[in-house]
$ cat input17.cif   # mmCIF, C-alpha atoms and all ligand atoms
data_input
loop_
_atom_site.label_atom_id
_atom_site.label_comp_id
_atom_site.auth_asym_id
_atom_site.auth_seq_id
_atom_site.Cartn_x
_atom_site.Cartn_y
_atom_site.Cartn_z
CA MET A 1 -22.45 35.71 6.05
CA SER A 2 -19.67 36.65 3.68
CA GLY A 3 -21.09 40.17 3.44
CA SER A 4 -20.20 40.87 7.06
CA ALA A 5 -16.53 41.54 6.31
CA ALA A 6 -17.36 44.48 4.06
CA GLY A 7 -19.76 45.91 6.63
CA ASN A 8 -17.20 45.73 9.38
CA SER A 9 -15.10 48.75 8.56
CA GLY A 10 -17.53 51.28 10.03
CA ALA A 11 -17.91 49.43 13.31
CA LEU A 12 -14.34 48.59 14.30
CA ARG A 13 -13.36 48.35 17.97
CA CYS A 14 -16.66 48.21 19.78
CA GLY A 15 -14.64 46.69 22.61
CA HIS A 16 -16.66 43.47 23.03
CA ARG A 17 -14.97 40.11 22.78
CA GLY A 18 -17.08 38.10 20.34
CA CYS A 19 -18.38 40.84 18.04
CA THR A 20 -17.55 40.43 14.35
CA ALA A 21 -16.28 43.99 13.78
CA ALA A 22 -12.61 43.42 14.51
CA PHE A 23 -12.30 40.11 12.64
CA THR A 24 -11.73 39.08 9.07
CA GLU A 25 -13.65 36.03 7.92
CA GLN A 26 -11.44 33.27 6.57
CA TRP A 27 -11.44 29.52 5.95
CA GLY A 28 -7.79 28.55 6.29
CA THR A 29 -7.33 28.65 10.06
CA TRP A 30 -5.70 26.05 12.32
CA PRO A 31 -8.89 25.54 14.34
CA ASN A 32 -10.70 24.66 11.09
CA VAL A 33 -7.91 22.19 10.27
CA VAL A 34 -8.41 20.59 13.70
CA THR A 35 -12.18 20.41 13.05
CA ALA A 36 -11.53 18.64 9.73
CA VAL A 37 -8.97 16.23 11.19
CA ARG A 38 -11.07 15.29 14.22
CA THR A 39 -14.12 14.72 11.99
CA ILE A 40 -12.16 12.51 9.58
CA ALA A 41 -10.68 10.61 12.55
CA THR A 42 -14.19 10.12 13.96
CA VAL A 43 -15.51 8.82 10.63
CA VAL A 44 -12.52 6.46 10.21
CA ALA A 45 -12.92 5.04 13.75
CA TRP A 46 -16.66 4.70 13.11
CA ALA A 47 -15.98 2.84 9.82
CA VAL A 48 -13.66 0.42 11.66
CA ALA A 49 -16.34 -0.06 14.34
CA VAL A 50 -18.99 -0.86 11.72
CA THR A 51 -16.66 -3.24 9.87
CA THR A 52 -15.46 -5.09 12.95
CA GLY A 53 -18.59 -4.78 15.10
CA SER A 54 -16.39 -3.44 17.88
CA ASP A 55 -17.84 -1.26 20.65
CA GLY A 56 -14.27 -0.22 21.50
CA TRP A 57 -13.82 1.47 18.12
CA LEU A 58 -17.19 3.14 18.47
CA LEU A 59 -16.06 4.53 21.82
CA ALA A 60 -12.83 5.65 20.10
CA ALA A 61 -14.94 7.47 17.47
CA LEU A 62 -16.89 9.19 20.25
CA LEU A 63 -13.67 10.20 22.02
CA CYS A 64 -12.19 11.60 18.75
CA TYR A 65 -15.28 13.76 18.43
CA TRP A 66 -15.30 14.79 22.08
CA VAL A 67 -11.62 15.61 22.50
CA GLY A 68 -11.42 17.19 19.04
CA ASP A 69 -14.48 19.34 19.68
CA ILE A 70 -12.95 20.72 22.87
CA ALA A 71 -9.57 21.19 21.15
CA ASP A 72 -10.75 23.14 18.09
CA GLY A 73 -12.85 25.53 20.16
CA LEU A 74 -10.08 26.07 22.70
CA LEU A 75 -7.48 26.63 19.96
CA ALA A 76 -9.77 29.15 18.23
CA ARG A 77 -10.34 31.13 21.43
CA VAL A 78 -6.73 31.06 22.64
CA THR A 79 -5.22 32.03 19.26
CA HIS A 80 -8.01 34.59 18.54
CA ARG A 81 -8.83 32.72 15.34
CA GLU A 82 -12.58 32.37 15.80
CA THR A 83 -14.59 32.78 12.62
CA ARG A 84 -18.26 32.45 11.82
CA THR A 85 -17.43 29.94 9.09
CA GLY A 86 -15.45 27.89 11.61
CA ALA A 87 -18.30 27.99 14.12
CA VAL A 88 -20.83 26.75 11.54
CA LEU A 89 -18.50 23.99 10.27
CA ASP A 90 -17.90 22.93 13.88
CA ILE A 91 -21.66 22.73 14.54
CA LEU A 92 -22.29 20.63 11.41
CA ALA A 93 -19.31 18.32 12.04
CA ASP A 94 -20.63 17.70 15.57
CA ARG A 95 -24.02 16.54 14.24
CA LEU A 96 -22.42 14.18 11.70
CA SER A 97 -20.08 12.65 14.30
CA VAL A 98 -22.76 12.17 16.96
CA CYS A 99 -25.34 10.76 14.50
CA LEU A 100 -22.92 8.15 13.15
CA VAL A 101 -21.93 6.95 16.62
CA VAL A 102 -25.39 6.97 18.21
CA VAL A 103 -27.27 5.38 15.29
CA THR A 104 -24.66 2.63 14.96
CA TYR A 105 -24.71 2.00 18.72
CA VAL A 106 -28.51 1.65 18.72
CA GLY A 107 -28.22 -0.89 15.89
CA THR A 108 -26.37 -3.28 18.19
CA HIS A 109 -27.94 -2.11 21.50
CA PRO A 110 -31.67 -1.72 20.76
CA THR A 111 -32.50 -0.98 24.42
CA ALA A 112 -30.81 2.41 23.90
CA ALA A 113 -33.33 3.36 21.18
CA VAL A 114 -35.63 5.54 23.31
CA PRO A 115 -33.03 7.72 25.08
CA ALA A 116 -31.07 7.88 21.79
CA ALA A 117 -34.12 9.14 19.88
CA VAL A 118 -34.84 11.83 22.50
CA PHE A 119 -31.17 12.82 22.56
CA LEU A 120 -30.83 12.98 18.75
CA GLY A 121 -34.05 14.99 18.40
CA GLN A 122 -32.71 17.45 20.92
CA PHE A 123 -29.17 17.62 19.49
CA VAL A 124 -29.80 17.47 15.74
CA VAL A 125 -32.95 19.61 15.58
CA ILE A 126 -33.45 21.95 18.55
CA ASP A 127 -29.84 22.39 19.62
CA ALA A 128 -28.74 22.90 15.99
CA TYR A 129 -31.43 25.59 15.58
CA LEU A 130 -30.27 27.28 18.79
CA THR A 131 -26.57 26.99 18.04
CA LEU A 132 -26.84 28.37 14.49
CA ALA A 133 -28.96 31.33 15.66
CA PHE A 134 -25.85 33.34 16.63
CA ALA A 135 -25.45 34.25 12.93
CA ARG A 136 -28.53 36.54 13.11
CA TRP A 137 -26.43 38.93 15.22
CA SER A 138 -22.87 40.26 14.72
CA LEU A 139 -21.42 37.41 16.79
CA LEU A 140 -18.40 35.21 16.10
CA SER A 141 -19.94 32.13 17.70
CA PRO A 142 -22.57 30.96 20.21
CA ASN A 143 -19.93 31.34 22.95
CA TYR A 144 -20.66 35.08 22.99
CA PHE A 145 -24.46 34.84 22.94
CA GLY A 146 -24.43 36.53 26.35
CA LEU A 147 -24.11 39.85 24.46
CA VAL A 148 -27.61 39.17 23.08
CA ASP A 149 -29.38 37.18 25.84
CA ALA A 150 -27.75 36.17 29.12
CA THR A 151 -30.29 33.46 29.99
CA VAL A 152 -30.08 31.61 26.66
CA HIS A 153 -26.29 31.80 26.91
CA ARG A 154 -26.18 30.50 30.48
CA LEU A 155 -28.53 27.60 29.71
CA ASN A 156 -26.70 26.51 26.57
CA TRP A 157 -23.11 27.71 26.19
CA SER A 158 -21.72 28.39 29.65
CA ALA A 159 -19.10 25.78 30.65
CA PRO A 160 -21.43 23.71 32.92
CA ALA A 161 -24.26 23.88 30.37
CA LYS A 162 -22.01 22.63 27.57
CA ALA A 163 -20.74 19.73 29.67
CA THR A 164 -24.28 18.74 30.69
CA ASN A 165 -25.90 19.18 27.29
CA THR A 166 -23.46 17.15 25.25
CA GLY A 167 -21.95 14.68 27.67
CA ALA A 168 -24.33 13.91 30.52
CA VAL A 169 -26.83 11.64 28.74
CA LEU A 170 -24.09 9.58 27.10
CA LEU A 171 -22.13 9.30 30.35
CA VAL A 172 -25.17 8.23 32.37
CA TRP A 173 -26.00 5.60 29.76
CA LEU A 174 -22.46 4.26 29.57
CA LEU A 175 -21.94 4.22 33.35
CA THR A 176 -25.32 2.95 34.56
CA GLY A 177 -26.82 1.27 31.48
CA SER A 178 -30.18 2.45 32.79
CA THR A 179 -32.65 3.20 29.99
CA LEU A 180 -34.91 5.05 32.43
CA ALA A 181 -32.17 7.29 33.85
CA ALA A 182 -30.82 8.13 30.38
CA THR A 183 -34.32 8.84 29.03
CA VAL A 184 -35.25 11.06 31.98
CA LEU A 185 -32.02 13.05 31.65
CA ALA A 186 -32.37 13.33 27.85
CA THR A 187 -35.92 14.63 28.37
CA VAL A 188 -34.74 17.23 30.91
CA VAL A 189 -32.12 18.48 28.43
CA LEU A 190 -34.79 18.52 25.69
CA GLY A 191 -36.96 20.65 28.00
CA VAL A 192 -34.15 23.16 28.64
CA LYS A 193 -33.43 23.36 24.89
CA SER A 194 -37.13 23.81 24.07
CA TYR A 195 -37.46 26.61 26.63
CA SER A 196 -34.34 28.25 25.16
CA ALA A 197 -35.74 27.95 21.62
CA LEU A 198 -39.02 29.62 22.68
CA ARG A 199 -37.12 32.41 24.42
CA LEU A 200 -34.88 32.84 21.37
CA ALA A 201 -37.89 32.98 19.04
CA ARG A 202 -39.22 36.01 20.99
CA LEU A 203 -36.01 38.05 20.68
CA PRO A 204 -36.22 40.91 18.17
CA VAL A 205 -33.94 40.12 15.23
CA PRO A 206 -31.86 42.94 13.69
CA GLN A 207 -32.55 43.85 10.05
CA ALA A 208 -28.89 44.48 9.30
CA LEU A 209 -25.64 43.51 11.00
CA SER A 210 -23.64 46.44 12.39
CA GLY A 211 -20.53 44.48 13.35
CA CYS A 212 -21.41 44.86 17.03
CA ALA A 213 -23.96 42.46 18.53
CA VAL A 214 -24.90 44.92 21.29
CA LYS A 215 -25.67 47.62 18.68
CA ASP A 216 -27.68 45.02 16.73
CA VAL A 217 -29.78 44.29 19.83
CA HIS A 218 -30.47 47.99 20.52
CA ALA A 219 -31.36 48.63 16.84
CA ALA A 220 -33.78 45.68 16.80
CA ILE A 221 -35.44 46.75 20.06
CA SER A 222 -35.86 50.40 19.01
CA ARG A 223 -37.32 49.27 15.68
CA GLY A 224 -39.90 47.23 17.62
CA HIS A 225 -41.21 50.26 19.55
ZN ZN A 301 -19.74 44.83 20.14
#
$ encode --input "input17.cif" --output "C-alpha cells"
Amino acid sequence: MSGSAAGNSGALRCGHRGCTAAFTEQWGTWPNVVTAVRTIATVVAWAVAVTTGSDGWLLAALLCYWVGDIADGLLARVTHRETRTGAVLDILADRLSVCLVVVTYVGTHPTAAVPAAVFLGQFVVIDAYLTLAFARWSLLSPNYFGLVDATVHRLNWSAPAKATNTGAVLLVWLLTGSTLAATVLATVVLGVKSYSALRLARLPVPQALSGCAVKDVHAAISRGH
C-alpha cells in the first residue's frame, strides 16, 4: 500500500475522482483524527454500558459509532483528504465498534442472538472482505468502486445501499423487537453481500497498480485475453 505513492508520479491527472494518482498517502489527517475520536468515544460509552448494565449507554455507543462514521467519511470527501490508510482504519474501527455493541447487547437480550449472528457474519466477514477489496485497484476507498464494477458499487456503497446495509437490521430490531423480521432482513443483506463477493471474485485483478483504477481494469482484462 505504501508503495503506491512512488508509483503515482507517472499517472498523475487521469481525471477520475477516486483514483490514487493525484493523492499523497498520509496518516495525520483530520478525518483520521475523527475516526480515532469516535472509536474511543464508542469504546468508552460501551465500557460504561458494561459497567452499569445500561441499555442507554449501549445505544449511546452505537450512536457514537454511527454519527462518527458518517462524519469522518463526509469530512474526508469534502476536504479532499481521503487516503487508503484512512479508509482501512475506518473499516477496522467499524468492525470493533459494532462487535462490542452487538455482542454485549446479545448478552443481556438473548432473543437477539440469531439475527445478531447473521448480521455479524455478514458485517465482520463478508462485508469486510468486500470493503477491503478496493485496495487491489488504484482506488482511494470503496466509495469509488464504480470505476471498477458498477453493480458491486451500487449494491454496497451507493447512499441507499450503505443506509440499508449498516442500519436497517438494527433499526428493525430496535423498533419492532421482532426476531423474525430482523433475521429475515439480516439474511437478505447477507444474500446481497454474498452475491457481491462472488461477482467480485470473478473480476480480473491487476498485477500492478497504475495510479488509475480504470487503467488497472483495462490492463487486467487485456492480460486475461
Ligand atoms: Zn483514473
$ closest_atom_pairs --input "input17.cif" --of "chain A" --to "ligand ZN 301 (chain A)" --cutoff "6 Å" --atoms "only C-alpha atoms and all ligand atoms" --output "tab-separated table"
residue	atom	partner	partner_atom	distance
A:Cys14	CA	A:ZN301	ZN	4.6
A:Gly15	CA	A:ZN301	ZN	6.0
A:His16	CA	A:ZN301	ZN	4.4
A:Cys19	CA	A:ZN301	ZN	4.7
A:Cys212	CA	A:ZN301	ZN	3.5
A:Ala213	CA	A:ZN301	ZN	5.1
A:Val214	CA	A:ZN301	ZN	5.3
$ closest_residue --input "input17.cif" --among "A:Ile126, A:Gly224, A:Ala163, A:Thr104" --to "Thr51 in chain A" --atoms "all atoms listed in the file"
A:Thr104
$ residues_around --input "input17.cif" --residues "Arg202 in chain A" --least-positions-apart "6" --cutoff "12 Å" --atoms "all atoms listed in the file" --output "PyMOL selection string"
chain A and resi 149+152+195-196+220-221+224
$ residues_around --input "input17.cif" --residues "range 28-31 of chain A" --least-positions-apart "3" --cutoff "7 Å" --atoms "all atoms listed in the file" --output "ChimeraX atom specification"
/A:34-35,72,75-76,81
$ atom_distance --input "input17.cif" --atom1 "CA of Ala219 in chain A" --atom2 "CA of Leu139 in chain A"
15.0 Å
$ atom_distance --input "input17.cif" --atom1 "CA of Ala45 in chain A" --atom2 "CA of Trp27 in chain A"
25.7 Å
$ closest_residue --input "input17.cif" --among "A:Val98, A:Val205, A:Ala61, A:Ala182" --to "Leu120 in chain A" --atoms "only C-alpha atoms"
A:Val98
$ residues_around --input "input17.cif" --residues "Leu62 in chain A" --least-positions-apart "2" --cutoff "8 Å" --atoms "all atoms listed in the file" --output "PDB file with C-alpha atoms, in the frame of the given file"
ATOM      1  CA  THR A  42     -14.190  10.120  13.960  1.00  0.00           C
ATOM      2  CA  LEU A  58     -17.190   3.140  18.470  1.00  0.00           C
ATOM      3  CA  LEU A  59     -16.060   4.530  21.820  1.00  0.00           C
ATOM      4  CA  ALA A  60     -12.830   5.650  20.100  1.00  0.00           C
ATOM      5  CA  CYS A  64     -12.190  11.600  18.750  1.00  0.00           C
ATOM      6  CA  TYR A  65     -15.280  13.760  18.430  1.00  0.00           C
ATOM      7  CA  TRP A  66     -15.300  14.790  22.080  1.00  0.00           C
ATOM      8  CA  SER A  97     -20.080  12.650  14.300  1.00  0.00           C
ATOM      9  CA  VAL A  98     -22.760  12.170  16.960  1.00  0.00           C
ATOM     10  CA  VAL A 101     -21.930   6.950  16.620  1.00  0.00           C
TER      11      VAL A 101
END
$ closest_residue --input "input17.cif" --among "A:Val189, A:Leu200, A:Ala22, A:Leu171" --to "Phe134 in chain A" --atoms "only C-alpha atoms"
A:Leu200
$ decode --input "input17.cif" --residues "range 102-140 of chain A" --atoms "C-alpha atoms" --output "CSV table (one decimal), in the first residue's frame"
chain,number,residue,atom,x,y,z
A,102,VAL,CA,-23.8,-6.2,19.4
A,103,VAL,CA,-22.1,-8.9,21.5
A,104,THR,CA,-22.8,-7.0,24.7
A,105,TYR,CA,-26.4,-6.5,23.7
A,106,VAL,CA,-26.9,-10.2,23.0
A,107,GLY,CA,-25.5,-11.0,26.4
A,108,THR,CA,-28.5,-9.2,28.1
A,109,HIS,CA,-31.0,-9.8,25.3
A,110,PRO,CA,-30.5,-13.5,24.3
A,111,THR,CA,-33.5,-13.4,21.9
A,112,ALA,CA,-31.4,-11.2,19.6
A,113,ALA,CA,-28.8,-14.0,19.2
A,114,VAL,CA,-29.9,-15.3,15.8
A,115,PRO,CA,-30.3,-12.1,13.9
A,116,ALA,CA,-27.1,-10.8,15.6
A,117,ALA,CA,-25.1,-13.8,14.5
A,118,VAL,CA,-26.3,-13.5,10.9
A,119,PHE,CA,-25.6,-9.7,11.0
A,120,LEU,CA,-22.1,-10.1,12.5
A,121,GLY,CA,-21.2,-12.9,10.0
A,122,GLN,CA,-22.3,-10.6,7.2
A,123,PHE,CA,-20.6,-7.5,8.5
A,124,VAL,CA,-17.4,-8.8,10.0
A,125,VAL,CA,-16.6,-11.5,7.4
A,126,ILE,CA,-18.2,-10.9,4.0
A,127,ASP,CA,-18.7,-7.1,4.1
A,128,ALA,CA,-15.1,-6.7,5.5
A,129,TYR,CA,-13.8,-8.8,2.6
A,130,LEU,CA,-15.8,-6.7,0.1
A,131,THR,CA,-14.9,-3.4,1.6
A,132,LEU,CA,-11.2,-4.0,1.8
A,133,ALA,CA,-11.1,-5.3,-1.8
A,134,PHE,CA,-10.8,-1.7,-3.2
A,135,ALA,CA,-7.0,-1.8,-2.3
A,136,ARG,CA,-6.5,-4.3,-5.2
A,137,TRP,CA,-7.1,-1.4,-7.6
A,138,SER,CA,-5.8,2.2,-7.6
A,139,LEU,CA,-8.7,3.4,-5.6
A,140,LEU,CA,-8.8,5.7,-2.6
